[in-house]
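A.B. asks: Quick one, query-v7.pdb (PDB, C-alpha atoms):
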ATOM      1  CA  MET L   1      38.889 -91.040 -46.680
ATOM      2  CA  SER L   2      40.463 -90.151 -43.334
ATOM      3  CA  GLU L   3      43.846 -91.723 -44.236
ATOM      4  CA  GLY L   4      44.423 -89.567 -47.276
ATOM      5  CA  ASP L   5      45.106 -85.950 -48.174
ATOM      6  CA  ARG L   6      42.512 -83.296 -47.728
ATOM      7  CA  PHE L   7      42.103 -79.599 -48.483
ATOM      8  CA  VAL L   8      39.459 -77.632 -46.582
ATOM      9  CA  TYR L   9      38.474 -74.035 -47.292
ATOM     10  CA  VAL L  10      35.692 -71.972 -45.752
ATOM     11  CA  THR L  11      34.526 -68.586 -46.929
ATOM     12  CA  TYR L  12      31.535 -66.314 -46.403
ATOM     13  CA  ILE L  13      29.819 -64.562 -49.304
ATOM     14  CA  ARG L  14      27.162 -61.866 -49.145
ATOM     15  CA  THR L  15      24.617 -63.419 -51.503
ATOM     16  CA  THR L  16      21.597 -65.751 -51.566
ATOM     17  CA  PRO L  17      21.638 -69.572 -51.630
ATOM     18  CA  GLU L  18      20.212 -69.625 -55.164
ATOM     19  CA  LYS L  19      22.717 -67.146 -56.580
ATOM     20  CA  LEU L  20      25.644 -69.011 -55.030
ATOM     21  CA  TRP L  21      24.350 -72.330 -56.349
ATOM     22  CA  ASP L  22      23.952 -70.931 -59.874
ATOM     23  CA  ALA L  23      27.400 -69.375 -59.727
ATOM     24  CA  LEU L  24      28.904 -72.762 -58.816
ATOM     25  CA  ILE L  25      27.400 -74.747 -61.686
ATOM     26  CA  LYS L  26      26.385 -72.462 -64.555
ATOM     27  CA  PRO L  27      28.883 -71.854 -67.378
ATOM     28  CA  GLU L  28      28.108 -68.153 -67.744
ATOM     29  CA  PHE L  29      29.278 -67.667 -64.155
ATOM     30  CA  THR L  30      32.133 -70.184 -63.870
ATOM     31  CA  ARG L  31      33.806 -68.766 -67.009
ATOM     32  CA  GLN L  32      34.205 -65.480 -65.155
ATOM     33  CA  TYR L  33      35.984 -66.753 -62.019
ATOM     34  CA  TRP L  34      37.202 -70.305 -62.721
ATOM     35  CA  ALA L  35      39.990 -69.679 -65.213
ATOM     36  CA  GLY L  36      37.605 -69.432 -68.156
ATOM     37  CA  THR L  37      36.364 -73.005 -67.669
ATOM     38  CA  TRP L  38      32.836 -74.348 -67.558
ATOM     39  CA  GLN L  39      31.217 -77.553 -66.380
ATOM     40  CA  GLU L  40      29.013 -79.916 -68.338
ATOM     41  CA  SER L  41      26.523 -82.099 -66.443
ATOM     42  CA  GLU L  42      22.847 -82.915 -66.157
ATOM     43  CA  TRP L  43      23.286 -82.159 -62.436
ATOM     44  CA  THR L  44      21.368 -85.167 -61.185
ATOM     45  CA  LYS L  45      22.609 -87.870 -58.842
ATOM     46  CA  GLY L  46      24.793 -90.303 -60.757
ATOM     47  CA  ALA L  47      25.137 -88.017 -63.789
ATOM     48  CA  SER L  48      28.547 -87.598 -65.350
ATOM     49  CA  TRP L  49      30.303 -84.310 -64.893
ATOM     50  CA  ARG L  50      33.283 -82.632 -66.491
ATOM     51  CA  ILE L  51      35.179 -79.358 -66.573
ATOM     52  CA  MET L  52      35.939 -77.977 -70.034
ATOM     53  CA  ILE L  53      39.058 -75.915 -70.697
ATOM     54  CA  PRO L  54      38.544 -73.060 -73.216
ATOM     55  CA  ASP L  55      40.915 -74.721 -75.746
ATOM     56  CA  GLY L  56      38.646 -77.807 -75.864
ATOM     57  CA  ARG L  57      40.492 -80.108 -73.479
ATOM     58  CA  VAL L  58      38.700 -81.782 -70.593
ATOM     59  CA  GLY L  59      40.202 -80.531 -67.316
ATOM     60  CA  ASP L  60      38.609 -82.877 -64.804
ATOM     61  CA  SER L  61      35.755 -85.348 -64.845
ATOM     62  CA  GLY L  62      33.689 -87.579 -62.608
ATOM     63  CA  LYS L  63      30.154 -88.127 -61.395
ATOM     64  CA  VAL L  64      27.620 -86.280 -59.297
ATOM     65  CA  LEU L  65      27.640 -88.367 -56.099
ATOM     66  CA  GLU L  66      25.138 -86.259 -54.168
ATOM     67  CA  ILE L  67      23.127 -83.203 -55.080
ATOM     68  CA  ASP L  68      20.694 -81.201 -52.953
ATOM     69  CA  PRO L  69      20.240 -77.711 -54.443
ATOM     70  CA  PRO L  70      21.046 -75.185 -53.028
ATOM     71  CA  ARG L  71      22.730 -76.879 -50.066
ATOM     72  CA  LEU L  72      25.014 -79.756 -51.007
ATOM     73  CA  LEU L  73      26.995 -80.942 -54.006
ATOM     74  CA  VAL L  74      29.404 -83.884 -53.898
ATOM     75  CA  LEU L  75      31.452 -84.733 -56.984
ATOM     76  CA  SER L  76      33.856 -87.539 -57.748
ATOM     77  CA  TRP L  77      36.774 -85.836 -59.418
ATOM     78  CA  ARG L  78      39.653 -87.045 -61.559
ATOM     79  CA  ASN L  79      42.142 -84.792 -63.265
ATOM     80  CA  GLU L  80      42.275 -85.462 -67.016
ATOM     81  CA  PHE L  81      45.049 -83.301 -68.424
ATOM     82  CA  VAL L  82      48.077 -83.955 -66.193
ATOM     83  CA  PRO L  83      49.093 -87.639 -66.514
ATOM     84  CA  GLU L  84      50.564 -87.991 -63.005
ATOM     85  CA  MET L  85      47.414 -86.536 -61.448
ATOM     86  CA  ARG L  86      45.109 -88.562 -63.672
ATOM     87  CA  ALA L  87      46.930 -91.682 -62.478
ATOM     88  CA  GLU L  88      45.847 -90.930 -58.896
ATOM     89  CA  GLY L  89      42.276 -91.762 -59.862
ATOM     90  CA  TYR L  90      39.207 -90.244 -58.270
ATOM     91  CA  SER L  91      39.166 -87.666 -55.519
ATOM     92  CA  ARG L  92      36.041 -86.175 -53.996
ATOM     93  CA  ALA L  93      34.929 -82.545 -53.777
ATOM     94  CA  THR L  94      32.160 -81.571 -51.354
ATOM     95  CA  PHE L  95      30.502 -78.141 -51.474
ATOM     96  CA  ARG L  96      28.291 -77.179 -48.524
ATOM     97  CA  LEU L  97      26.204 -74.007 -48.632
ATOM     98  CA  GLU L  98      24.676 -72.671 -45.429
ATOM     99  CA  GLN L  99      22.768 -69.433 -44.930
ATOM    100  CA  GLN L 100      23.948 -67.390 -41.912
ATOM    101  CA  GLY L 101      22.283 -63.989 -41.623
ATOM    102  CA  ASP L 102      23.269 -61.764 -44.533
ATOM    103  CA  VAL L 103      25.879 -64.205 -45.843
ATOM    104  CA  MET L 104      26.316 -67.708 -47.172
ATOM    105  CA  LYS L 105      28.905 -69.930 -45.544
ATOM    106  CA  LEU L 106      30.575 -71.934 -48.314
ATOM    107  CA  SER L 107      32.662 -74.910 -47.178
ATOM    108  CA  LEU L 108      34.706 -76.861 -49.671
ATOM    109  CA  THR L 109      36.460 -80.132 -48.896
ATOM    110  CA  HIS L 110      38.586 -81.742 -51.588
ATOM    111  CA  GLU L 111      39.998 -85.105 -50.532
ATOM    112  CA  ILE L 112      41.542 -88.311 -51.828
ATOM    113  CA  ASP L 113      42.299 -91.644 -50.170
ATOM    114  CA  LYS L 114      46.063 -91.461 -50.642
ATOM    115  CA  LYS L 115      48.949 -89.597 -49.029
ATOM    116  CA  GLY L 116      51.259 -87.286 -50.953
ATOM    117  CA  SER L 117      48.641 -86.550 -53.627
ATOM    118  CA  LYS L 118      49.779 -84.218 -56.426
ATOM    119  CA  LEU L 119      46.141 -83.481 -57.196
ATOM    120  CA  ILE L 120      45.354 -82.252 -53.688
ATOM    121  CA  GLU L 121      48.570 -80.233 -53.674
ATOM    122  CA  ALA L 122      47.567 -78.596 -56.964
ATOM    123  CA  VAL L 123      43.964 -77.836 -56.006
ATOM    124  CA  SER L 124      45.132 -76.455 -52.629
ATOM    125  CA  GLY L 125      46.979 -73.794 -54.611
ATOM    126  CA  GLY L 126      44.076 -73.149 -56.957
ATOM    127  CA  TRP L 127      40.926 -73.116 -54.817
ATOM    128  CA  PRO L 128      41.752 -70.036 -52.685
ATOM    129  CA  MET L 129      42.002 -67.805 -55.752
ATOM    130  CA  ILE L 130      38.975 -69.325 -57.508
ATOM    131  CA  LEU L 131      36.817 -68.923 -54.389
ATOM    132  CA  ALA L 132      38.130 -65.401 -53.694
ATOM    133  CA  SER L 133      37.175 -64.504 -57.256
ATOM    134  CA  LEU L 134      33.729 -66.098 -56.866
ATOM    135  CA  LYS L 135      33.174 -63.971 -53.751
ATOM    136  CA  SER L 136      34.271 -60.811 -55.595
ATOM    137  CA  LEU L 137      31.990 -61.649 -58.530
ATOM    138  CA  LEU L 138      28.931 -62.132 -56.334
ATOM    139  CA  GLU L 139      29.601 -59.137 -54.084
ATOM    140  CA  THR L 140      30.900 -56.588 -56.607
ATOM    141  CA  GLY L 141      29.811 -57.896 -60.022
ATOM    142  CA  GLU L 142      33.428 -58.363 -61.088
ATOM    143  CA  SER L 143      35.630 -61.400 -60.724
ATOM    144  CA  LEU L 144      39.397 -61.117 -60.196
ATOM    145  CA  GLU L 145      41.179 -60.436 -63.460
ATOM    146  CA  ALA L 146      43.680 -63.308 -63.257
ATOM    147  CA  THR L 147      40.845 -65.866 -62.989
ATOM    148  CA  ARG L 148      38.964 -64.841 -66.160
ATOM    149  CA  LYS L 149      41.232 -66.746 -68.541
ATOM    150  CA  TRP L 150      42.962 -70.098 -68.613
ATOM    151  CA  PRO L 151      46.619 -69.538 -67.591
ATOM    152  CA  GLU L 152      49.040 -69.607 -70.533
ATOM    153  CA  GLY L 153      51.298 -72.615 -70.873
ATOM    154  CA  ILE L 154      49.263 -75.010 -68.703
TER     155      ILE L 154
ATOM    156  CA  MET B   1      57.672 -74.607 -35.085
ATOM    157  CA  GLY B   2      57.621 -77.485 -37.564
ATOM    158  CA  ASN B   3      56.178 -80.048 -35.150
ATOM    159  CA  GLY B   4      53.210 -78.131 -33.812
ATOM    160  CA  ASP B   5      49.815 -77.199 -35.160
ATOM    161  CA  ARG B   6      49.364 -74.686 -37.908
ATOM    162  CA  PHE B   7      46.457 -72.962 -39.622
ATOM    163  CA  VAL B   8      47.071 -71.396 -43.036
ATOM    164  CA  TYR B   9      44.550 -69.300 -44.936
ATOM    165  CA  VAL B  10      45.107 -67.660 -48.304
ATOM    166  CA  THR B  11      42.810 -65.129 -49.908
ATOM    167  CA  PHE B  12      43.029 -62.567 -52.697
ATOM    168  CA  ILE B  13      41.678 -59.058 -52.176
ATOM    169  CA  ARG B  14      41.146 -56.403 -54.825
ATOM    170  CA  THR B  15      42.968 -53.591 -53.062
ATOM    171  CA  THR B  16      46.483 -52.200 -52.599
ATOM    172  CA  PRO B  17      49.057 -53.469 -50.066
ATOM    173  CA  GLU B  18      48.907 -50.066 -48.322
ATOM    174  CA  LYS B  19      45.114 -50.183 -47.881
ATOM    175  CA  LEU B  20      45.237 -53.781 -46.689
ATOM    176  CA  TRP B  21      48.026 -52.944 -44.253
ATOM    177  CA  TYR B  22      46.000 -50.005 -42.948
ATOM    178  CA  ALA B  23      42.889 -52.156 -42.505
ATOM    179  CA  LEU B  24      44.968 -54.699 -40.576
ATOM    180  CA  THR B  25      46.709 -52.310 -38.178
ATOM    181  CA  LYS B  26      44.227 -49.507 -37.430
ATOM    182  CA  PRO B  27      41.635 -50.083 -34.680
ATOM    183  CA  GLU B  28      39.000 -48.025 -36.486
ATOM    184  CA  PHE B  29      39.184 -50.573 -39.313
ATOM    185  CA  THR B  30      39.600 -53.758 -37.307
ATOM    186  CA  ARG B  31      36.450 -52.922 -35.339
ATOM    187  CA  LYS B  32      34.435 -53.205 -38.562
ATOM    188  CA  TYR B  33      35.416 -56.765 -39.493
ATOM    189  CA  TRP B  34      37.069 -58.367 -36.431
ATOM    190  CA  PHE B  35      33.962 -58.843 -34.271
ATOM    191  CA  GLY B  36      34.118 -55.251 -33.052
ATOM    192  CA  SER B  37      37.598 -55.776 -31.609
ATOM    193  CA  SER B  38      40.413 -53.239 -31.677
ATOM    194  CA  LEU B  39      43.907 -54.310 -32.641
ATOM    195  CA  ASP B  40      46.229 -51.710 -31.222
ATOM    196  CA  SER B  41      49.997 -51.174 -31.104
ATOM    197  CA  THR B  42      52.613 -48.545 -31.882
ATOM    198  CA  TRP B  43      53.723 -51.058 -34.568
ATOM    199  CA  GLY B  44      57.444 -50.741 -33.988
ATOM    200  CA  PRO B  45      59.745 -53.791 -33.841
ATOM    201  CA  GLY B  46      59.401 -55.328 -30.389
ATOM    202  CA  ALA B  47      56.351 -53.222 -29.479
ATOM    203  CA  SER B  48      53.509 -54.850 -27.589
ATOM    204  CA  TRP B  49      50.075 -55.294 -29.181
ATOM    205  CA  GLN B  50      46.632 -55.932 -27.743
ATOM    206  CA  LEU B  51      43.350 -57.155 -29.177
ATOM    207  CA  LYS B  52      40.436 -55.833 -27.107
ATOM    208  CA  THR B  53      36.693 -56.395 -27.251
ATOM    209  CA  PRO B  54      34.366 -53.375 -27.606
ATOM    210  CA  ASP B  55      33.923 -53.295 -23.803
ATOM    211  CA  GLY B  56      37.687 -53.163 -23.285
ATOM    212  CA  GLY B  57      38.291 -56.806 -22.378
ATOM    213  CA  LEU B  58      41.654 -58.178 -23.446
ATOM    214  CA  THR B  59      41.333 -61.236 -25.709
ATOM    215  CA  ASP B  60      44.864 -61.604 -27.108
ATOM    216  CA  SER B  61      48.224 -59.900 -26.778
ATOM    217  CA  GLY B  62      51.860 -60.235 -27.735
ATOM    218  CA  LYS B  63      54.809 -58.509 -29.345
ATOM    219  CA  VAL B  64      55.672 -57.367 -32.838
ATOM    220  CA  VAL B  65      58.340 -59.898 -33.826
ATOM    221  CA  GLU B  66      58.870 -58.685 -37.401
ATOM    222  CA  ILE B  67      57.425 -55.754 -39.286
ATOM    223  CA  ASP B  68      58.077 -54.798 -42.905
ATOM    224  CA  ARG B  69      55.314 -52.480 -43.973
ATOM    225  CA  PRO B  70      53.337 -53.173 -46.171
ATOM    226  CA  ARG B  71      54.603 -56.680 -46.850
ATOM    227  CA  ARG B  72      55.044 -58.735 -43.715
ATOM    228  CA  LEU B  73      53.987 -58.710 -40.079
ATOM    229  CA  VAL B  74      54.831 -61.385 -37.510
ATOM    230  CA  LEU B  75      53.206 -61.264 -34.088
ATOM    231  CA  SER B  76      53.855 -63.426 -31.071
ATOM    232  CA  TRP B  77      50.394 -64.402 -29.862
ATOM    233  CA  LYS B  78      49.106 -65.152 -26.391
ATOM    234  CA  HIS B  79      45.429 -65.717 -25.837
ATOM    235  CA  GLU B  80      44.069 -64.111 -22.655
ATOM    236  CA  ARG B  81      40.338 -64.801 -22.484
ATOM    237  CA  PHE B  82      39.549 -68.511 -22.441
ATOM    238  CA  PRO B  83      41.478 -70.554 -19.851
ATOM    239  CA  GLU B  84      41.810 -73.627 -22.107
ATOM    240  CA  MET B  85      43.508 -71.523 -24.805
ATOM    241  CA  ARG B  86      45.889 -69.660 -22.493
ATOM    242  CA  ASP B  87      48.543 -72.324 -22.009
ATOM    243  CA  ASP B  88      49.906 -71.888 -25.538
ATOM    244  CA  GLU B  89      53.055 -69.972 -24.695
ATOM    245  CA  ASN B  90      54.782 -70.041 -28.101
ATOM    246  CA  ALA B  91      52.247 -69.198 -30.755
ATOM    247  CA  SER B  92      52.603 -66.693 -33.555
ATOM    248  CA  ALA B  93      50.638 -65.186 -36.422
ATOM    249  CA  THR B  94      52.314 -64.226 -39.696
ATOM    250  CA  PHE B  95      50.619 -61.935 -42.208
ATOM    251  CA  GLU B  96      52.090 -61.763 -45.722
ATOM    252  CA  LEU B  97      50.902 -59.281 -48.370
ATOM    253  CA  GLU B  98      51.959 -59.792 -51.971
ATOM    254  CA  PRO B  99      50.657 -57.670 -54.876
ATOM    255  CA  GLN B 100      49.608 -59.754 -57.914
ATOM    256  CA  GLY B 101      48.078 -57.730 -60.741
ATOM    257  CA  ASP B 102      44.847 -56.100 -59.542
ATOM    258  CA  VAL B 103      44.831 -58.002 -56.233
ATOM    259  CA  VAL B 104      46.867 -58.599 -53.107
ATOM    260  CA  LYS B 105      47.547 -62.192 -52.129
ATOM    261  CA  PHE B 106      47.053 -62.258 -48.381
ATOM    262  CA  THR B 107      48.364 -65.227 -46.403
ATOM    263  CA  VAL B 108      47.703 -65.690 -42.693
ATOM    264  CA  THR B 109      49.642 -68.421 -40.873
ATOM    265  CA  HIS B 110      48.788 -69.011 -37.241
ATOM    266  CA  GLU B 111      50.998 -71.595 -35.575
ATOM    267  CA  SER B 112      51.920 -73.061 -32.226
ATOM    268  CA  ASP B 113      54.717 -75.323 -31.016
ATOM    269  CA  LYS B 114      52.036 -77.545 -29.455
ATOM    270  CA  LYS B 115      50.203 -80.476 -30.983
ATOM    271  CA  ASP B 116      46.404 -80.523 -30.588
ATOM    272  CA  SER B 117      46.552 -76.842 -29.707
ATOM    273  CA  LYS B 118      43.194 -75.479 -28.529
ATOM    274  CA  LEU B 119      44.347 -72.036 -29.572
ATOM    275  CA  ILE B 120      44.960 -73.102 -33.183
ATOM    276  CA  LYS B 121      41.662 -74.998 -33.208
ATOM    277  CA  GLY B 122      39.921 -71.879 -31.948
ATOM    278  CA  VAL B 123      41.457 -69.455 -34.430
ATOM    279  CA  SER B 124      40.868 -71.915 -37.297
ATOM    280  CA  GLY B 125      37.159 -71.383 -36.761
ATOM    281  CA  GLY B 126      37.497 -67.602 -36.550
ATOM    282  CA  TRP B 127      39.916 -66.529 -39.278
ATOM    283  CA  PRO B 128      37.781 -67.529 -42.305
ATOM    284  CA  ILE B 129      34.908 -65.189 -41.411
ATOM    285  CA  ILE B 130      37.198 -62.373 -40.214
ATOM    286  CA  LEU B 131      39.183 -62.509 -43.463
ATOM    287  CA  ALA B 132      36.044 -62.865 -45.608
ATOM    288  CA  SER B 133      34.645 -59.783 -43.863
ATOM    289  CA  LEU B 134      37.911 -57.868 -44.392
ATOM    290  CA  LYS B 135      37.735 -58.711 -48.118
ATOM    291  CA  SER B 136      34.105 -57.543 -48.282
ATOM    292  CA  LEU B 137      34.996 -54.321 -46.445
ATOM    293  CA  LEU B 138      37.861 -53.467 -48.803
ATOM    294  CA  GLU B 139      36.024 -54.428 -51.994
ATOM    295  CA  THR B 140      32.512 -53.176 -51.250
ATOM    296  CA  GLY B 141      32.865 -50.743 -48.337
ATOM    297  CA  ASP B 142      30.716 -52.960 -46.107
ATOM    298  CA  SER B 143      31.950 -55.697 -43.799
ATOM    299  CA  ILE B 144      29.868 -58.798 -42.991
ATOM    300  CA  GLU B 145      27.190 -57.787 -40.516
ATOM    301  CA  ARG B 146      27.848 -60.250 -37.729
ATOM    302  CA  THR B 147      31.563 -59.442 -37.601
ATOM    303  CA  ARG B 148      30.806 -55.847 -36.613
ATOM    304  CA  SER B 149      30.088 -56.639 -32.964
ATOM    305  CA  PHE B 150      31.353 -59.088 -30.397
ATOM    306  CA  PRO B 151      29.272 -62.299 -30.230
ATOM    307  CA  LYS B 152      26.848 -62.318 -27.324
ATOM    308  CA  GLY B 153      27.358 -64.813 -24.556
ATOM    309  CA  ILE B 154      31.050 -65.462 -25.136
TER     310      ILE B 154
END
Written as structure tokens, that's how I'd like the structure from this file.
C.D. replies:
Amino acid sequence: MSEGDRFVYVTYIRTTPEKLWDALIKPEFTRQYWAGTWQESEWTKGASWRIMIPDGRVGDSGKVLEIDPPRLLVLSWRNEFVPEMRAEGYSRATFRLEQQGDVMKLSLTHEIDKKGSKLIEAVSGGWPMILASLKSLLETGESLEATRKWPEGI
Amino acid sequence: MGNGDRFVYVTFIRTTPEKLWYALTKPEFTRKYWFGSSLDSTWGPGASWQLKTPDGGLTDSGKVVEIDRPRRLVLSWKHERFPEMRDDENASATFELEPQGDVVKFTVTHESDKKDSKLIKGVSGGWPIILASLKSLLETGDSIERTRSFPKGI
């Protein structure tokens, strides 16, 4: 996908591989830092995957392309609730977890094989806050307030 | 600087703009999260600044181009330590602090007028852990362990 758009974000979280993995995929955690949303999947290679919005809409969906707990998760990813983003088809999100001393290095790459992607533009604005809130949740027990609910009017 | 390289990092820290500003501009704070280094200046417009390792070695220096406490700081940036990163004569770092509810949105933009800048490549690898450690320090009182001293062998 080297010809398309790509968003890369790296952060470091003082936690364990298992806790970070659980926080990335389990609804009771994602609801706290990912705008009130949760994911539904069997979490096996090839399984379908989707993000549920609290009002019942599906936010994004795709398949689990690769999964190696607690190190690697690759998802195909299509937006489902904004028509112009849905029309872009499938992007790919890669989460890499790497233990480094007292912290986990979390690297996220979200990419698509087209230029000028509205989806990548949108997620580039969203991921920094979601991942900052995830870090706060794991390090302090409390996520960032603005990320606990789905934003009004979206 | 629209044609050169640029690194942008956004994070959200549960703190106040004043505390974040303090942590950014006081050597006793920067030493805790910036690999033991001291960022020092009189912080007036046009003043010089230096970033020094714990043993006093100069790694980076420049001038205060803009300062609007506690909202915005622009530094001209010249690397001094590694020969391959020293030929970037027109680089700058911009720090923007914006309160949003219980957090401060913190944006760091490090840019050069050069393409394929070794300086921007270098700082792109460093900023994520420095800023993650700064967030940990302000939210939990403890920075990330390996950012408290200068890496051995560099």
A.B. asks: I need the chain B residues near chain L as number ranges by chain; criterion: at most 12 Å, counting all atoms listed in the file.
C.D. replies: B: 7-15, 100-107, 124-147
A.B. asks: By how many Å are CA of Val65 in chain B and CA of Ser92 in chain B apart?
C.D. replies: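 Here the two named atoms are 8.9 Å from each other.
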A.B. asks: Please compute the CA of Ser107 in chain L-CA of Val74 in chain L distance, one decimal, in Å.
C.D. replies: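 Between CA of Ser107 in chain L and CA of Val74 in chain L the gap works out to 11.7 Å.
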A.B. asks: Give as a PyMOL selection string the residues that the PyMOL selection byres ((chain L and resi 97) around 12) matches when applied to the coordinates above.
C.D. replies: chain L and resi 10-13+15-22+24+67-74+94-96+98-100+103-109
A.B. asks: Care to translate the PyMOL selection byres ((chain B and resi 31) around 10) into actual residues of this file, as a compact mmCIF listing (two decimals) with C-alpha atoms, keeping the file's coordinate frame?
C.D. replies:
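As written to disk, result_36.txt reads:
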# COMPACT_ATOMS: atom_id res chain seq x y z
CA ALA B 23 42.89 -52.16 -42.50
CA LYS B 26 44.23 -49.51 -37.43
CA PRO B 27 41.64 -50.08 -34.68
CA GLU B 28 39.00 -48.02 -36.49
CA PHE B 29 39.18 -50.57 -39.31
CA THR B 30 39.60 -53.76 -37.31
CA LYS B 32 34.44 -53.20 -38.56
CA TYR B 33 35.42 -56.76 -39.49
CA TRP B 34 37.07 -58.37 -36.43
CA PHE B 35 33.96 -58.84 -34.27
CA GLY B 36 34.12 -55.25 -33.05
CA SER B 37 37.60 -55.78 -31.61
CA SER B 38 40.41 -53.24 -31.68
CA LEU B 39 43.91 -54.31 -32.64
CA LYS B 52 40.44 -55.83 -27.11
CA THR B 53 36.69 -56.40 -27.25
CA PRO B 54 34.37 -53.38 -27.61
CA SER B 143 31.95 -55.70 -43.80
CA THR B 147 31.56 -59.44 -37.60
CA ARG B 148 30.81 -55.85 -36.61
CA SER B 149 30.09 -56.64 -32.96
CA PHE B 150 31.35 -59.09 -30.40
A.B. asks: Which of these residues is nearest to Glu98 in chain B, using all atoms listed in the file: B:Gly46, B:Lys63, B:His110, B:Arg71?
C.D. replies: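 For Glu98 in chain B, the nearest of the candidates is B:Arg71.
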A.B. asks: For the file shown, what are the residues hit by the PyMOL selection byres ((chain B and resi 58) around 12), laid out as an MDAnalysis selection string?
C.D. replies: chainID B and resid 37:40 49:57 59:62 78:82
A.B. asks: Return as JSON the box centre and box size in Å, one decimal, for an axis-aligned box around all listed atoms of range 22-41 of chain L padded by 4 Å per side.
C.D. replies:
{"center_x": 32.0, "center_y": -73.8, "center_z": -63.6, "size_x": 24.0, "size_y": 24.6, "size_z": 17.5}
A.B. asks: Please compute the CA of Leu119 in chain L-CA of Trp34 in chain L distance, one decimal, in Å.
C.D. replies: 16.9 Å
A.B. asks: Tell me which protein, DNA and RNA residues are within 12 Å of Gly56 in chain L, counting all atoms listed in the file, leaving out same-chain ones fewer than 6 positions away, and put them as an MDAnalysis selection string.
C.D. replies: chainID L and resid 36:38 50 81 150
A.B. asks: Residues proximal to (38.5, -74.4, -69.3) were defined as those with any atom within 10 Å of that point in the file's coordinates, counting all atoms listed in the file. Which are they, as a JSON list (two decimals) with C-alpha atoms, in the frame of the given file?
C.D. replies:
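Output below, filename result_26.json:
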[["chain", "number", "residue", "atom", "x", "y", "z"],
["L", 30, "THR", "CA", 32.13, -70.18, -63.87],
["L", 31, "ARG", "CA", 33.81, -68.77, -67.01],
["L", 34, "TRP", "CA", 37.20, -70.31, -62.72],
["L", 35, "ALA", "CA", 39.99, -69.68, -65.21],
["L", 36, "GLY", "CA", 37.60, -69.43, -68.16],
["L", 37, "THR", "CA", 36.36, -73.00, -67.67],
["L", 38, "TRP", "CA", 32.84, -74.35, -67.56],
["L", 39, "GLN", "CA", 31.22, -77.55, -66.38],
["L", 51, "ILE", "CA", 35.18, -79.36, -66.57],
["L", 52, "MET", "CA", 35.94, -77.98, -70.03],
["L", 53, "ILE", "CA", 39.06, -75.92, -70.70],
["L", 54, "PRO", "CA", 38.54, -73.06, -73.22],
["L", 55, "ASP", "CA", 40.92, -74.72, -75.75],
["L", 56, "GLY", "CA", 38.65, -77.81, -75.86],
["L", 57, "ARG", "CA", 40.49, -80.11, -73.48],
["L", 58, "VAL", "CA", 38.70, -81.78, -70.59],
["L", 59, "GLY", "CA", 40.20, -80.53, -67.32],
["L", 60, "ASP", "CA", 38.61, -82.88, -64.80],
["L", 149, "LYS", "CA", 41.23, -66.75, -68.54],
["L", 150, "TRP", "CA", 42.96, -70.10, -68.61],
["L", 151, "PRO", "CA", 46.62, -69.54, -67.59]]
A.B. asks: For Ala47 in chain L, work out the shell of residues within 10 Å, counting only C-alpha atoms and skipping chain neighbours fewer than 5 positions away, then give it as a list in words.
C.D. replies: Ser41, Glu42, Gly62, Lys63, Val64, Leu65, Glu66 and Leu75 of chain L
A.B. asks: Using all atoms listed in the file, can you tell me which of L:Lys26, L:Glu80, L:Glu88, L:Tyr33 comes closest to Glu142 in chain L?
C.D. replies: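 Distance minimum relative to Glu142 in chain L lands on L:Tyr33.
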A.B. asks: Tell me which protein, DNA and RNA residues are within 7 Å of Pro45 in chain B, counting all atoms listed in the file, leaving out same-chain ones fewer than 2 positions away, and put them as a ChimeraX atom specification.
C.D. replies: /B:43,47,64-67
